[in-house]
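**Q** Below is the file start-v4.txt, which contains compact mmCIF, C-alpha atoms.
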# COMPACT_ATOMS: atom_id res chain seq x y z
CA MET W 1 0.00 0.00 0.00
CA LEU W 2 2.77 2.44 0.87
CA ASP W 3 4.70 3.87 -2.10
CA PHE W 4 7.77 1.62 -2.30
CA ARG W 5 9.89 4.56 -3.41
CA LEU W 6 9.16 6.19 -0.06
CA GLN W 7 10.21 3.00 1.73
CA VAL W 8 13.47 3.04 -0.25
CA PHE W 9 14.07 6.71 0.60
CA TYR W 10 13.35 6.08 4.28
CA THR W 11 15.84 3.19 4.42
CA VAL W 12 18.59 5.16 2.65
CA ALA W 13 17.93 8.19 4.86
CA LYS W 14 18.25 6.09 8.01
CA ARG W 15 21.37 4.23 6.91
CA LEU W 16 22.91 7.08 4.84
CA ASN W 17 24.31 4.33 2.66
CA PHE W 18 22.92 3.07 -0.66
CA THR W 19 24.64 -0.32 -0.37
CA LYS W 20 23.28 -1.04 3.11
CA ALA W 21 19.81 0.03 2.00
CA SER W 22 19.91 -2.31 -1.01
CA VAL W 23 20.89 -5.25 1.24
CA GLU W 24 18.18 -4.44 3.76
CA LEU W 25 15.50 -4.07 1.07
CA TYR W 26 16.67 -7.08 -0.98
CA ILE W 27 16.98 -5.03 -4.18
CA SER W 28 20.00 -4.02 -6.26
CA GLN W 29 21.92 -0.82 -5.63
CA PRO W 30 21.02 0.53 -9.12
CA ALA W 31 17.35 -0.05 -8.24
CA VAL W 32 17.80 1.98 -5.05
CA THR W 33 19.37 4.80 -7.05
CA LYS W 34 16.54 4.67 -9.61
CA HIS W 35 13.83 5.00 -6.93
CA ILE W 36 15.62 7.95 -5.30
CA LYS W 37 16.03 9.72 -8.66
CA GLU W 38 12.32 9.23 -9.41
CA LEU W 39 11.42 10.87 -6.09
CA GLU W 40 13.80 13.75 -6.75
CA ALA W 41 12.26 14.23 -10.21
CA GLN W 42 8.75 14.15 -8.73
CA PHE W 43 9.51 16.78 -6.07
CA LYS W 44 12.04 18.68 -8.24
CA VAL W 45 14.62 18.75 -5.42
CA SER W 46 17.80 16.92 -4.41
CA LEU W 47 17.30 14.66 -1.41
CA PHE W 48 20.94 13.68 -0.77
CA GLU W 49 24.30 15.23 -1.37
CA ARG W 50 27.79 13.80 -1.28
CA SER W 51 30.18 14.67 1.53
CA GLY W 52 33.77 13.57 2.14
CA ASN W 53 34.91 9.94 1.86
CA LYS W 54 32.00 9.06 -0.45
CA ARG W 55 29.50 9.58 2.36
CA ILE W 56 26.04 10.99 1.74
CA ILE W 57 24.00 13.39 3.84
CA LEU W 58 20.40 14.57 3.66
CA THR W 59 19.64 17.93 2.11
CA SER W 60 17.12 20.22 3.80
CA ALA W 61 14.49 18.80 1.43
CA GLY W 62 15.60 15.30 2.38
CA GLU W 63 15.25 16.13 6.07
CA MET W 64 11.71 17.36 5.48
CA LEU W 65 10.75 14.30 3.44
CA LEU W 66 12.17 12.03 6.14
CA GLN W 67 9.90 13.62 8.74
CA TYR W 68 6.87 13.02 6.54
CA ALA W 69 8.01 9.50 5.66
CA GLU W 70 8.32 8.60 9.35
CA ARG W 71 4.80 9.88 10.02
CA LEU W 72 3.38 8.03 7.01
CA LEU W 73 5.14 4.79 7.95
CA GLU W 74 3.81 5.04 11.49
CA ILE W 75 0.26 5.58 10.21
CA TYR W 76 0.64 2.68 7.78
CA HIS W 77 1.86 0.37 10.54
CA GLU W 78 -1.04 1.41 12.77
CA LEU W 79 -3.48 0.74 9.93
CA ASP W 80 -1.93 -2.64 9.21
CA TYR W 81 -1.99 -3.53 12.91
CA ASP W 82 -5.62 -2.51 13.43
CA MET W 83 -6.84 -4.22 10.27
CA ASN W 84 -5.05 -7.43 11.25
CA LEU W 85 -6.66 -7.26 14.67
CA LEU W 86 -10.03 -6.81 13.02
CA VAL W 87 -9.82 -10.05 11.07
CA LYS W 88 -8.02 -11.82 13.95
CA GLN W 89 -5.84 -13.94 11.71
CA HIS W 90 -2.89 -14.32 14.05
CA SER W 91 -1.28 -17.70 14.54
CA GLY W 92 2.16 -19.26 14.64
CA VAL W 93 5.15 -19.43 16.96
CA LEU W 94 6.86 -16.35 18.40
CA ARG W 95 10.26 -16.82 20.03
CA ILE W 96 11.12 -14.06 22.48
CA GLY W 97 14.31 -13.52 24.48
CA ALA W 98 14.31 -11.65 27.78
CA SER W 99 17.14 -10.73 30.10
CA THR W 100 16.79 -11.88 33.69
CA THR W 101 15.12 -8.86 35.29
CA VAL W 102 12.69 -8.46 32.38
CA ALA W 103 11.84 -12.18 32.38
CA GLN W 104 11.13 -12.22 36.10
CA TYR W 105 9.35 -8.94 36.77
CA ILE W 106 8.25 -7.23 33.54
CA ILE W 107 7.13 -9.64 30.86
CA PRO W 108 5.06 -12.37 32.65
CA PRO W 109 1.85 -10.31 33.09
CA ILE W 110 2.19 -9.02 29.52
CA LEU W 111 2.51 -12.59 28.23
CA ALA W 112 -0.57 -13.64 30.18
CA GLN W 113 -2.73 -10.89 28.68
CA PHE W 114 -1.25 -11.44 25.22
CA HIS W 115 -2.21 -15.13 25.39
CA LYS W 116 -5.78 -14.26 26.40
CA LYS W 117 -6.13 -12.06 23.32
CA PHE W 118 -4.19 -14.20 20.81
CA LYS W 119 -4.72 -17.82 21.78
CA ASP W 120 -3.46 -19.17 18.45
CA ILE W 121 0.00 -17.69 18.90
CA ARG W 122 2.41 -19.94 20.74
CA VAL W 123 5.07 -17.95 22.61
CA LEU W 124 8.43 -19.47 23.52
CA LEU W 125 10.41 -17.41 26.05
CA ILE W 126 14.19 -17.78 26.30
CA THR W 127 15.85 -16.16 29.31
CA GLY W 128 19.46 -15.28 30.08
CA ASN W 129 21.62 -12.28 30.81
CA THR W 130 21.86 -9.44 28.30
CA GLU W 131 24.92 -10.88 26.57
CA GLU W 132 23.24 -14.26 26.13
CA ILE W 133 20.03 -12.75 24.71
CA GLU W 134 21.97 -10.65 22.21
CA LEU W 135 23.82 -13.78 21.10
CA ALA W 136 20.53 -15.68 20.77
CA LEU W 137 19.23 -12.92 18.48
CA LEU W 138 22.37 -12.94 16.34
CA ASN W 139 22.13 -16.75 16.09
CA LYS W 140 18.47 -16.38 15.03
CA GLU W 141 17.26 -18.44 17.98
CA ILE W 142 14.71 -15.70 18.75
CA GLU W 143 12.76 -13.16 16.68
CA PHE W 144 13.43 -10.31 19.12
CA GLY W 145 14.43 -9.68 22.70
CA ILE W 146 13.95 -7.32 25.62
CA ILE W 147 17.14 -6.54 27.52
CA GLU W 148 18.63 -4.29 30.15
CA GLY W 149 22.00 -2.61 30.10
CA ILE W 150 23.94 -0.22 27.88
CA SER W 151 25.23 -2.73 25.36
CA ARG W 152 25.34 -1.56 21.73
CA ASN W 153 26.17 -4.18 19.10
CA PRO W 154 26.25 -2.65 15.58
CA GLN W 155 24.49 -5.73 14.18
CA ILE W 156 21.47 -5.15 16.43
CA ARG W 157 18.73 -2.52 16.36
CA TYR W 158 17.90 -1.16 19.83
CA GLU W 159 14.63 0.57 20.65
CA GLU W 160 13.81 1.92 24.11
CA TYR W 161 10.86 0.28 25.85
CA LEU W 162 10.68 1.07 29.59
CA ASN W 163 12.63 3.09 32.11
CA ASP W 164 13.99 1.47 35.26
CA GLU W 165 16.01 2.54 38.27
CA LEU W 166 18.63 0.54 40.14
CA VAL W 167 18.58 1.23 43.87
CA LEU W 168 20.91 0.20 46.67
CA VAL W 169 19.07 -2.25 48.93
CA SER W 170 19.63 -3.66 52.40
CA ALA W 171 17.75 -6.14 54.55
CA ILE W 172 15.56 -4.26 57.01
CA ASN W 173 17.53 -5.54 60.04
CA ASN W 174 21.04 -5.28 58.57
CA PRO W 175 23.35 -4.31 61.50
CA VAL W 176 26.19 -3.17 59.20
CA ILE W 177 24.42 -0.07 57.92
CA LYS W 178 22.20 2.22 59.96
CA LYS W 179 22.27 5.20 57.63
CA ASP W 180 19.54 6.06 55.17
CA VAL W 181 21.96 7.98 52.93
CA ILE W 182 25.61 7.32 52.07
CA LYS W 183 28.16 9.05 49.85
CA PRO W 184 29.42 7.30 46.71
CA GLU W 185 32.94 7.08 48.16
CA GLU W 186 31.55 5.02 51.08
CA LEU W 187 30.42 2.19 48.80
CA PRO W 188 33.71 0.25 49.00
CA THR W 189 33.34 -0.04 52.78
CA TYR W 190 30.23 -2.24 52.60
CA PRO W 191 29.95 -5.88 51.48
CA LEU W 192 28.13 -6.07 48.16
CA LEU W 193 26.36 -8.63 46.05
CA LEU W 194 26.66 -8.22 42.29
CA ARG W 195 25.35 -9.92 39.17
CA GLU W 196 27.52 -12.21 37.07
CA PRO W 197 29.79 -11.08 34.18
CA GLY W 198 27.76 -10.50 31.03
CA SER W 199 24.86 -9.03 32.98
CA GLY W 200 23.41 -5.77 31.69
CA THR W 201 22.83 -4.69 35.29
CA LEU W 202 26.54 -5.02 36.00
CA ASP W 203 27.39 -2.87 32.97
CA VAL W 204 24.99 -0.13 34.10
CA ILE W 205 26.45 -0.06 37.62
CA ALA W 206 30.01 0.13 36.30
CA HIS W 207 29.05 2.99 33.97
CA ALA W 208 27.27 4.91 36.77
CA LEU W 209 30.29 4.69 39.11
CA LYS W 210 32.83 6.01 36.58
CA PRO W 211 32.23 9.74 37.31
CA TYR W 212 33.13 9.00 40.95
CA ASN W 213 36.40 7.27 39.98
CA LEU W 214 35.07 3.98 41.27
CA LYS W 215 35.55 0.68 39.48
CA LEU W 216 33.85 -2.62 40.21
CA SER W 217 37.22 -3.92 41.35
CA ASP W 218 37.25 -1.23 44.08
CA LEU W 219 34.10 -2.65 45.66
CA LYS W 220 34.02 -5.20 48.45
CA VAL W 221 32.21 -7.92 46.49
CA GLU W 222 31.15 -10.78 48.75
CA MET W 223 29.61 -12.79 45.93
CA GLN W 224 28.40 -12.60 42.32
CA LEU W 225 25.14 -14.38 41.64
CA GLY W 226 23.35 -15.21 38.40
CA GLY W 227 19.95 -13.69 39.04
CA THR W 228 17.98 -11.11 40.97
CA GLU W 229 16.00 -13.66 43.00
CA SER W 230 19.23 -15.30 44.17
CA ILE W 231 20.61 -11.91 45.17
CA LYS W 232 17.42 -10.97 47.04
CA SER W 233 17.34 -14.24 48.96
CA TYR W 234 21.01 -13.95 49.91
CA LEU W 235 20.56 -10.27 50.80
CA LEU W 236 17.70 -10.93 53.21
CA HIS W 237 19.85 -13.44 55.11
CA SER W 238 23.11 -11.47 55.20
CA ASN W 239 24.72 -8.15 56.01
CA CYS W 240 25.31 -7.34 52.33
CA LEU W 241 23.96 -4.56 50.15
CA ALA W 242 22.97 -4.95 46.51
CA PHE W 243 21.91 -2.85 43.54
CA LEU W 244 18.50 -4.08 42.40
CA SER W 245 15.81 -2.96 40.00
CA ILE W 246 13.04 -1.06 41.74
CA HIS W 247 10.61 -3.35 39.87
CA SER W 248 12.11 -6.38 41.61
CA ILE W 249 11.66 -5.33 45.25
CA LEU W 250 8.13 -3.92 45.36
CA LYS W 251 6.79 -6.89 47.32
CA GLU W 252 9.73 -6.89 49.77
CA LEU W 253 9.35 -3.16 50.40
CA LYS W 254 5.63 -3.60 51.02
CA ASN W 255 6.31 -6.47 53.44
CA ASN W 256 8.97 -4.39 55.25
CA GLU W 257 11.68 -6.97 54.49
CA CYS W 258 14.17 -4.56 52.95
CA ARG W 259 14.87 -0.87 52.61
CA ILE W 260 16.48 1.45 50.09
CA ILE W 261 19.75 3.21 50.93
CA ASP W 262 20.03 6.49 49.01
CA ILE W 263 23.39 7.42 47.52
CA LYS W 264 23.99 11.17 47.60
CA ASP W 265 23.96 12.73 44.11
CA LEU W 266 23.84 9.32 42.44
CA THR W 267 20.81 8.02 40.58
CA ILE W 268 21.25 4.92 38.46
CA GLU W 269 18.69 4.88 35.68
CA ARG W 270 18.55 2.59 32.69
CA ALA W 271 16.22 1.55 29.92
CA PHE W 272 14.84 -1.82 28.98
CA ASN W 273 15.25 -2.09 25.21
CA PHE W 274 13.65 -4.11 22.46
CA ILE W 275 16.35 -5.65 20.30
CA GLN W 276 15.78 -6.85 16.73
CA HIS W 277 17.61 -7.50 13.50
CA TYR W 278 17.67 -4.59 11.07
CA GLY W 279 14.93 -4.66 8.47
CA GLN W 280 11.18 -5.16 8.58
CA PRO W 281 10.12 -7.19 11.66
CA SER W 282 7.83 -10.19 11.31
CA ALA W 283 4.09 -9.61 11.71
CA LEU W 284 4.05 -11.46 15.04
CA THR W 285 7.02 -9.50 16.35
CA GLU W 286 5.37 -6.21 15.42
CA LEU W 287 2.11 -7.39 16.97
CA PHE W 288 3.72 -8.26 20.30
CA ILE W 289 5.82 -5.09 20.52
CA ARG W 290 2.77 -2.93 19.83
CA PHE W 291 0.81 -4.90 22.46
CA ALA W 292 3.61 -4.54 25.04
CA ARG W 293 3.86 -0.79 24.45
CA ASN W 294 0.13 -0.40 25.08
CA TYR W 295 0.11 -2.60 28.18
CA LYS W 296 -0.06 -0.64 31.43
CA LEU W 297 2.38 -2.05 33.99
As structure tokens, please, write out the structure in this file.

**A**
Amino acid sequence: MLDFRLQVFYTVAKRLNFTKASVELYISQPAVTKHIKELEAQFKVSLFERSGNKRIILTSAGEMLLQYAERLLEIYHELDYDMNLLVKQHSGVLRIGASTTVAQYIIPPILAQFHKKFKDIRVLLITGNTEEIELALLNKEIEFGIIEGISRNPQIRYEEYLNDELVLVSAINNPVIKKDVIKPEELPTYPLLLREPGSGTLDVIAHALKPYNLKLSDLKVEMQLGGTESIKSYLLHSNCLAFLSIHSILKELKNNECRIIDIKDLTIERAFNFIQHYGQPSALTELFIRFARNYKL
């Protein structure tokens, strides 16, 4: 339905590379050039110009057309989504990857509601740390994933989904710490529990401590554990502190089992991201991502 020339322009404008666009669209590079020239002839403007090292950049007209193309593509996707919902012809297998925190605290209620609405879609959920889910995507073991962390692999497309905050947590009766607020430089004086190497959570913590000249190796790490539930259970039976997602401790806070220790001038925020291959996602992938975005946590 959408003018294919506009799809070609959009892909070139996003990649700023004719060769990459041709690979992504499964057409030849001369065909890409032909479609762009037809658009330029139609609008009587140049959409791209050459810069140094054979690179291309958008002209002011190209920038304007890109804004309209993005709006039109969004409307087209919404139309396609709503029309598909109307006829309810959704079936098949959808393989999703989720990093540990997402798999435990974010995605289960979404999956339950998704299954109620689309009973003919079979969902397979693979869990692991961020590094493992990215590898599963690259190996085509999953259609898409939802991960935490600040990882950026150039072979993967990242799209922000939800915001999260990591907070420093202690058991409610921990005798080692009586304060409600500590300074960043005090962190190395307390025993800590951390996630395992490859964890997105670990990457976020390391990144947040850099401005304070603190490295993970400076911390007094009592143990590294491969999951939030393991860390919580250990935490509640020890004198350790741990950085945990606020989503993961709501029940424990309500039951007065743990408390949050504020760190002066330090807030550790991160995003949960959808990860996909470049190119047009499958219909089921697009369906689930749209559903998840509309779900109210």

**Q** So the first atom is atom CA of Cys240 of chain W and the second is atom CA of Glu222 of chain W; what is the distance between them in Å, to one decimal place?

**A**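 Going from atom CA of Cys240 of chain W over to atom CA of Glu222 of chain W, I get 7.7 Å.
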
**Q** Give me the residues within 7 Å of Leu219 of chain W as an MDAnalysis selection string, counting only C-alpha atoms and dropping any in the same chain fewer than 2 places off.

**A** chainID W and resid 187:188 216:217 221

**Q** Could you write those residues out with C-alpha atoms, as a PDB file, in the frame of the given file?

**A**
ATOM      1  CA  LEU W 187      30.420   2.190  48.800  1.00  0.00           C
ATOM      2  CA  PRO W 188      33.710   0.250  49.000  1.00  0.00           C
ATOM      3  CA  LEU W 216      33.850  -2.620  40.210  1.00  0.00           C
ATOM      4  CA  SER W 217      37.220  -3.920  41.350  1.00  0.00           C
ATOM      5  CA  VAL W 221      32.210  -7.920  46.490  1.00  0.00           C
TER       6      VAL W 221
END

**Q** Show which residues sit within 12 Å of segment 206-210 of chain W, as a short mmCIF file (atom, residue, chain, number, x, y, z; two decimals) with C-alpha atoms, in the frame of the given file. Count all atoms listed in the file, and ignore same-chain residues fewer than 3 positions away.

**A**
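Below you can see around.cif, which holds the result:
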data_model
loop_
_atom_site.label_atom_id
_atom_site.label_comp_id
_atom_site.auth_asym_id
_atom_site.auth_seq_id
_atom_site.Cartn_x
_atom_site.Cartn_y
_atom_site.Cartn_z
CA GLY W 149 22.00 -2.61 30.10
CA ILE W 150 23.94 -0.22 27.88
CA SER W 151 25.23 -2.73 25.36
CA GLU W 165 16.01 2.54 38.27
CA LEU W 166 18.63 0.54 40.14
CA VAL W 167 18.58 1.23 43.87
CA LYS W 183 28.16 9.05 49.85
CA PRO W 184 29.42 7.30 46.71
CA GLU W 185 32.94 7.08 48.16
CA LEU W 187 30.42 2.19 48.80
CA PRO W 188 33.71 0.25 49.00
CA LEU W 194 26.66 -8.22 42.29
CA ARG W 195 25.35 -9.92 39.17
CA PRO W 197 29.79 -11.08 34.18
CA SER W 199 24.86 -9.03 32.98
CA GLY W 200 23.41 -5.77 31.69
CA THR W 201 22.83 -4.69 35.29
CA LEU W 202 26.54 -5.02 36.00
CA ASP W 203 27.39 -2.87 32.97
CA ASN W 213 36.40 7.27 39.98
CA LEU W 214 35.07 3.98 41.27
CA LYS W 215 35.55 0.68 39.48
CA LEU W 216 33.85 -2.62 40.21
CA SER W 217 37.22 -3.92 41.35
CA ASP W 218 37.25 -1.23 44.08
CA LEU W 219 34.10 -2.65 45.66
CA PHE W 243 21.91 -2.85 43.54
CA ILE W 263 23.39 7.42 47.52
CA ASP W 265 23.96 12.73 44.11
CA LEU W 266 23.84 9.32 42.44
CA THR W 267 20.81 8.02 40.58
CA ILE W 268 21.25 4.92 38.46
CA GLU W 269 18.69 4.88 35.68
CA ARG W 270 18.55 2.59 32.69
#

**Q** Got a sec: who's within 9 Å of Ile249 of chain W, counting only C-alpha atoms, leaving out chain neighbours fewer than 3 positions off, as a PDB file with C-alpha atoms, in the frame of the given file?

**A**
ATOM      1  CA  VAL W 169      19.070  -2.250  48.930  1.00  0.00           C
ATOM      2  CA  LYS W 232      17.420 -10.970  47.040  1.00  0.00           C
ATOM      3  CA  LEU W 244      18.500  -4.080  42.400  1.00  0.00           C
ATOM      4  CA  SER W 245      15.810  -2.960  40.000  1.00  0.00           C
ATOM      5  CA  ILE W 246      13.040  -1.060  41.740  1.00  0.00           C
ATOM      6  CA  GLU W 252       9.730  -6.890  49.770  1.00  0.00           C
ATOM      7  CA  LEU W 253       9.350  -3.160  50.400  1.00  0.00           C
ATOM      8  CA  LYS W 254       5.630  -3.600  51.020  1.00  0.00           C
ATOM      9  CA  CYS W 258      14.170  -4.560  52.950  1.00  0.00           C
TER      10      CYS W 258
END

**Q** Excluding His247 of chain W and any residue of its chain fewer than 5 positions from it, enumerate the residues within 8 Å of it, using only C-alpha atoms, and give them as a list in words.

**A** Tyr105, Ile106 and Asp164 of chain W
